[in-house]
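Shown next, in structure tokens, is the structure this report addresses.
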Amino acid sequence: MTRGCGVFAACLTAPLWNLLAGCQAENTSKEPAGPLTIPVAELPLNRRMRFEHEGRAVEVVRTENGVTARSLLCTHQGCNVRWIEDDQIYFCPCHDGQFDAEGIPTYGPPRERLRDLQVTLTPTTAVIGG
Ligand code: FES
């Protein structure tokens, strides 16, 4: 009985608890530290453009309404997701996580949506995050 309680107590340590709970802890430590600046002229209209910034993937889309940006770090454990045009999903190869076109998790271990990033527009550039 005592041994069982000891095992239970060990299971309540934070890292293992996160593992048992599906690793839902937000992984923000992998986010880029500084802003990404992109000339607006390099953003074709209505196309998902992928940029690598400080080793992390970011998606930027320019529409007639402006520019939006999204972190492509999976909210499960921080792998880079990729957009699959044919299936209209973001796919994470690490644990087969999937997100819909809005970044909402639809399959696998991710529980949080892909993170939208702040965009500041100047007359010629889009400044992402920061
Ligand atoms: S890191 Fe586990 S599903 Fe993406």
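We label chains A, B, ... in the order they appear in the structure tokens, count residues from 1 in each chain, and number ligands from 1 in the order shown.
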Tell me which protein, DNA and RNA residues are within 12 Å of A:Arg113, counting only C-alpha atoms, leaving out same-chain ones fewer than 3 positions away, and put them as a short mmCIF file (atom, residue, chain, number, x, y, z; two decimals) with C-alpha atoms, in the first residue's frame.
data_model
loop_
_atom_site.label_atom_id
_atom_site.label_comp_id
_atom_site.auth_asym_id
_atom_site.auth_seq_id
_atom_site.Cartn_x
_atom_site.Cartn_y
_atom_site.Cartn_z
CA GLN A 24 -0.78 20.35 -22.56
CA GLU A 26 2.15 25.68 -23.42
CA ARG A 70 0.56 32.51 -37.27
CA SER A 71 3.19 30.56 -35.42
CA LEU A 72 3.72 27.15 -36.98
CA LEU A 73 4.95 25.69 -33.71
CA CYS A 74 2.72 22.83 -32.69
CA THR A 75 1.04 23.58 -29.39
CA HIS A 76 1.66 20.03 -28.20
CA VAL A 81 3.71 22.00 -38.43
CA TYR A 90 -1.77 21.82 -40.74
CA GLY A 97 -1.34 16.24 -34.69
CA GLN A 98 -3.68 18.08 -37.05
CA PHE A 99 -5.19 21.56 -37.09
CA ASP A 100 -7.83 23.00 -39.39
CA ALA A 101 -7.30 26.02 -41.63
CA GLU A 102 -8.04 28.34 -38.68
CA GLY A 103 -5.38 26.65 -36.56
CA ILE A 104 -7.85 24.79 -34.34
CA PRO A 105 -6.75 21.30 -33.28
CA THR A 106 -8.81 18.55 -34.91
CA TYR A 107 -6.82 15.36 -34.31
CA PRO A 109 -2.60 15.29 -28.87
CA PRO A 110 -2.69 19.10 -29.44
CA ASP A 116 -1.77 33.98 -34.01
#
**Prompt:** Near stretch 59-63 of chain A, counting only C-alpha atoms, which residues have an atom at most 10 Å away, once you skip same-chain residues fewer than 4 positions from it, shown as a ChimeraX atom specification?
**Reply:** /A:38,40,42-52,67-72,82-83,116-117,119,126,128
Please, could you write that set of residues out with N, CA and C atoms as a compact mmCIF listing (two decimals), in the first residue's frame?
# COMPACT_ATOMS: atom_id res chain seq x y z
N ILE A 38 9.07 41.84 -42.93
CA ILE A 38 8.95 41.35 -44.31
C ILE A 38 8.44 42.49 -45.18
N VAL A 40 6.18 44.12 -47.68
CA VAL A 40 4.83 43.75 -48.10
C VAL A 40 4.84 43.31 -49.57
N GLU A 42 6.74 41.42 -50.95
CA GLU A 42 7.11 40.00 -51.07
C GLU A 42 5.96 39.07 -50.67
N LEU A 43 4.82 39.65 -50.35
CA LEU A 43 3.68 38.83 -49.92
C LEU A 43 2.61 38.83 -50.99
N PRO A 44 2.54 37.76 -51.77
CA PRO A 44 1.48 37.69 -52.78
C PRO A 44 0.11 37.62 -52.11
N LEU A 45 -0.87 38.11 -52.79
CA LEU A 45 -2.22 38.16 -52.24
C LEU A 45 -2.80 36.75 -52.07
N ASN A 46 -3.37 36.48 -50.91
CA ASN A 46 -4.10 35.24 -50.62
C ASN A 46 -3.27 33.97 -50.73
N ARG A 47 -2.00 34.07 -50.38
CA ARG A 47 -1.16 32.85 -50.38
C ARG A 47 -0.51 32.69 -49.02
N ARG A 48 -0.49 31.46 -48.53
CA ARG A 48 0.18 31.17 -47.26
C ARG A 48 1.67 31.14 -47.51
N MET A 49 2.37 32.09 -46.93
CA MET A 49 3.82 32.17 -47.12
C MET A 49 4.49 31.71 -45.82
N ARG A 50 5.45 30.83 -45.97
CA ARG A 50 6.16 30.28 -44.80
C ARG A 50 7.53 30.93 -44.70
N PHE A 51 7.86 31.40 -43.52
CA PHE A 51 9.16 32.00 -43.27
C PHE A 51 9.80 31.28 -42.08
N GLU A 52 11.10 31.18 -42.13
CA GLU A 52 11.85 30.67 -40.98
C GLU A 52 12.44 31.88 -40.28
N VAL A 67 -2.77 41.89 -43.28
CA VAL A 67 -1.79 40.81 -43.16
C VAL A 67 -2.01 40.12 -41.82
N THR A 68 -2.02 38.78 -41.86
CA THR A 68 -2.12 37.99 -40.63
C THR A 68 -0.90 37.08 -40.55
N ALA A 69 -0.59 36.69 -39.33
CA ALA A 69 0.56 35.80 -39.12
C ALA A 69 0.21 34.78 -38.05
N ARG A 70 0.83 33.62 -38.18
CA ARG A 70 0.56 32.51 -37.27
C ARG A 70 1.86 31.76 -37.01
N SER A 71 2.07 31.43 -35.76
CA SER A 71 3.19 30.56 -35.42
C SER A 71 2.88 29.16 -35.93
N LEU A 72 3.89 28.52 -36.51
CA LEU A 72 3.72 27.15 -36.98
C LEU A 72 4.35 26.16 -36.01
N ARG A 82 3.25 21.79 -40.78
CA ARG A 82 3.27 22.24 -42.18
C ARG A 82 1.86 22.19 -42.74
N TRP A 83 1.59 23.13 -43.64
CA TRP A 83 0.29 23.22 -44.28
C TRP A 83 0.22 22.20 -45.41
N ASP A 116 -1.82 32.85 -33.10
CA ASP A 116 -1.77 33.98 -34.01
C ASP A 116 -0.75 34.98 -33.48
N LEU A 117 -0.05 35.62 -34.39
CA LEU A 117 1.01 36.56 -34.03
C LEU A 117 0.58 37.97 -34.38
N VAL A 119 0.71 41.56 -35.90
CA VAL A 119 1.27 42.13 -37.12
C VAL A 119 1.12 43.65 -37.06
N ALA A 126 5.66 44.51 -43.18
CA ALA A 126 4.86 43.86 -42.14
C ALA A 126 5.83 43.41 -41.07
N ILE A 128 6.24 41.25 -37.82
CA ILE A 128 5.54 40.13 -37.19
C ILE A 128 6.11 39.89 -35.80
**Message:** I'd like to know which of A:Leu114, A:Val127, A:Cys79, A:Ile84 is closest to ligand 1, using only C-alpha atoms and all ligand atoms.
**Reply:** A:Cys79
**Complete:** From the list A:Arg56, A:Asn80, A:Arg115, A:Ala41, the nearest residue to ligand 1 using only C-alpha atoms and all ligand atoms is A:Asn80
**Request:** Please report, as number ranges by chain, each residue of stretch 25-127 of chain A to which DSSP assigns strand (DSSP E or B) when run on this structure's backbone.
**Result:** A: 36-39, 45, 48-53, 56-63, 66-71, 73, 80, 82-84, 89-92, 97-99, 105-107, 116-117, 119-121, 125-127
Selection above as a file: N, CA and C atoms, as a tab-separated table (two decimals), in the first residue's frame:
chain	number	residue	atom	x	y	z
A	36	LEU	N	9.97	39.75	-36.86
A	36	LEU	CA	10.32	39.39	-38.23
A	36	LEU	C	9.76	40.49	-39.13
A	37	THR	N	10.61	41.11	-39.93
A	37	THR	CA	10.17	42.19	-40.81
A	37	THR	C	10.22	41.71	-42.25
A	38	ILE	N	9.07	41.84	-42.93
A	38	ILE	CA	8.95	41.35	-44.31
A	38	ILE	C	8.44	42.49	-45.18
A	39	PRO	N	9.09	42.77	-46.31
A	39	PRO	CA	8.54	43.75	-47.24
A	39	PRO	C	7.17	43.27	-47.74
A	45	LEU	N	-0.87	38.11	-52.79
A	45	LEU	CA	-2.22	38.16	-52.24
A	45	LEU	C	-2.80	36.75	-52.07
A	48	ARG	N	-0.49	31.46	-48.53
A	48	ARG	CA	0.18	31.17	-47.26
A	48	ARG	C	1.67	31.14	-47.51
A	49	MET	N	2.37	32.09	-46.93
A	49	MET	CA	3.82	32.17	-47.12
A	49	MET	C	4.49	31.71	-45.82
A	50	ARG	N	5.45	30.83	-45.97
A	50	ARG	CA	6.16	30.28	-44.80
A	50	ARG	C	7.53	30.93	-44.70
A	51	PHE	N	7.86	31.40	-43.52
A	51	PHE	CA	9.16	32.00	-43.27
A	51	PHE	C	9.80	31.28	-42.08
A	52	GLU	N	11.10	31.18	-42.13
A	52	GLU	CA	11.85	30.67	-40.98
A	52	GLU	C	12.44	31.88	-40.28
A	53	HIS	N	12.18	31.99	-39.01
A	53	HIS	CA	12.66	33.12	-38.23
A	53	HIS	C	13.31	32.60	-36.96
A	56	ARG	N	12.51	29.14	-36.31
A	56	ARG	CA	11.11	28.76	-36.10
A	56	ARG	C	10.28	29.15	-37.31
A	57	ALA	N	9.26	28.36	-37.59
A	57	ALA	CA	8.44	28.60	-38.76
A	57	ALA	C	7.27	29.53	-38.43
A	58	VAL	N	7.04	30.46	-39.34
A	58	VAL	CA	5.95	31.42	-39.21
A	58	VAL	C	5.23	31.48	-40.55
A	59	GLU	N	3.90	31.53	-40.51
A	59	GLU	CA	3.11	31.67	-41.73
A	59	GLU	C	2.53	33.08	-41.78
A	60	VAL	N	2.66	33.70	-42.94
A	60	VAL	CA	2.15	35.05	-43.13
A	60	VAL	C	1.25	35.04	-44.36
A	61	VAL	N	0.08	35.66	-44.22
A	61	VAL	CA	-0.88	35.71	-45.32
A	61	VAL	C	-1.33	37.16	-45.51
A	62	ARG	N	-1.23	37.65	-46.73
A	62	ARG	CA	-1.76	38.98	-47.05
A	62	ARG	C	-3.07	38.81	-47.80
A	63	THR	N	-4.09	39.48	-47.31
A	63	THR	CA	-5.37	39.49	-48.00
A	63	THR	C	-5.74	40.95	-48.31
A	66	GLY	N	-5.72	42.94	-45.08
A	66	GLY	CA	-4.52	43.17	-44.30
A	66	GLY	C	-3.59	41.97	-44.30
A	67	VAL	N	-2.77	41.89	-43.28
A	67	VAL	CA	-1.79	40.81	-43.16
A	67	VAL	C	-2.01	40.12	-41.82
A	68	THR	N	-2.02	38.78	-41.86
A	68	THR	CA	-2.12	37.99	-40.63
A	68	THR	C	-0.90	37.08	-40.55
A	69	ALA	N	-0.59	36.69	-39.33
A	69	ALA	CA	0.56	35.80	-39.12
A	69	ALA	C	0.21	34.78	-38.05
A	70	ARG	N	0.83	33.62	-38.18
A	70	ARG	CA	0.56	32.51	-37.27
A	70	ARG	C	1.86	31.76	-37.01
A	71	SER	N	2.07	31.43	-35.76
A	71	SER	CA	3.19	30.56	-35.42
A	71	SER	C	2.88	29.16	-35.93
A	73	LEU	N	4.50	26.60	-34.76
A	73	LEU	CA	4.95	25.69	-33.71
A	73	LEU	C	3.75	24.95	-33.16
A	80	ASN	N	7.55	21.91	-35.65
A	80	ASN	CA	7.01	22.75	-36.71
A	80	ASN	C	5.93	21.98	-37.47
A	82	ARG	N	3.25	21.79	-40.78
A	82	ARG	CA	3.27	22.24	-42.18
A	82	ARG	C	1.86	22.19	-42.74
A	83	TRP	N	1.59	23.13	-43.64
A	83	TRP	CA	0.29	23.22	-44.28
A	83	TRP	C	0.22	22.20	-45.41
A	84	ILE	N	-0.86	21.41	-45.45
A	84	ILE	CA	-1.08	20.46	-46.54
A	84	ILE	C	-2.27	20.95	-47.33
A	89	ILE	N	-5.24	21.18	-44.11
A	89	ILE	CA	-4.91	21.05	-42.69
A	89	ILE	C	-3.45	21.42	-42.46
A	90	TYR	N	-3.15	21.77	-41.20
A	90	TYR	CA	-1.77	21.82	-40.74
A	90	TYR	C	-1.49	20.46	-40.13
A	91	PHE	N	-0.35	19.90	-40.47
A	91	PHE	CA	0.01	18.57	-39.98
A	91	PHE	C	1.30	18.66	-39.18
A	92	CYS	N	1.29	18.03	-38.03
A	92	CYS	CA	2.50	17.96	-37.21
A	92	CYS	C	3.07	16.54	-37.33
A	97	GLY	N	-0.37	15.22	-35.04
A	97	GLY	CA	-1.34	16.24	-34.69
A	97	GLY	C	-1.84	16.95	-35.95
A	98	GLN	N	-3.11	17.37	-35.91
A	98	GLN	CA	-3.68	18.08	-37.05
A	98	GLN	C	-4.48	19.28	-36.55
A	99	PHE	N	-4.45	20.34	-37.37
A	99	PHE	CA	-5.19	21.56	-37.09
A	99	PHE	C	-5.94	21.94	-38.37
A	105	PRO	N	-7.11	22.72	-33.26
A	105	PRO	CA	-6.75	21.30	-33.28
A	105	PRO	C	-7.95	20.42	-33.61
A	106	THR	N	-7.73	19.44	-34.49
A	106	THR	CA	-8.81	18.55	-34.91
A	106	THR	C	-8.48	17.08	-34.70
A	107	TYR	N	-7.20	16.77	-34.46
A	107	TYR	CA	-6.82	15.36	-34.31
A	107	TYR	C	-5.50	15.27	-33.57
A	116	ASP	N	-1.82	32.85	-33.10
A	116	ASP	CA	-1.77	33.98	-34.01
A	116	ASP	C	-0.75	34.98	-33.48
A	117	LEU	N	-0.05	35.62	-34.39
A	117	LEU	CA	1.01	36.56	-34.03
A	117	LEU	C	0.58	37.97	-34.38
A	119	VAL	N	0.71	41.56	-35.90
A	119	VAL	CA	1.27	42.13	-37.12
A	119	VAL	C	1.12	43.65	-37.06
A	120	THR	N	2.22	44.34	-37.28
A	120	THR	CA	2.19	45.80	-37.37
A	120	THR	C	2.60	46.17	-38.79
A	121	LEU	N	1.70	46.89	-39.48
A	121	LEU	CA	1.99	47.28	-40.86
A	121	LEU	C	2.56	48.69	-40.91
A	125	THR	N	6.29	47.59	-45.00
A	125	THR	CA	6.66	46.32	-44.36
A	125	THR	C	5.57	45.81	-43.44
A	126	ALA	N	5.66	44.51	-43.18
A	126	ALA	CA	4.86	43.86	-42.14
A	126	ALA	C	5.83	43.41	-41.07
A	127	VAL	N	5.61	43.86	-39.85
A	127	VAL	CA	6.47	43.47	-38.73
A	127	VAL	C	5.69	42.45	-37.90
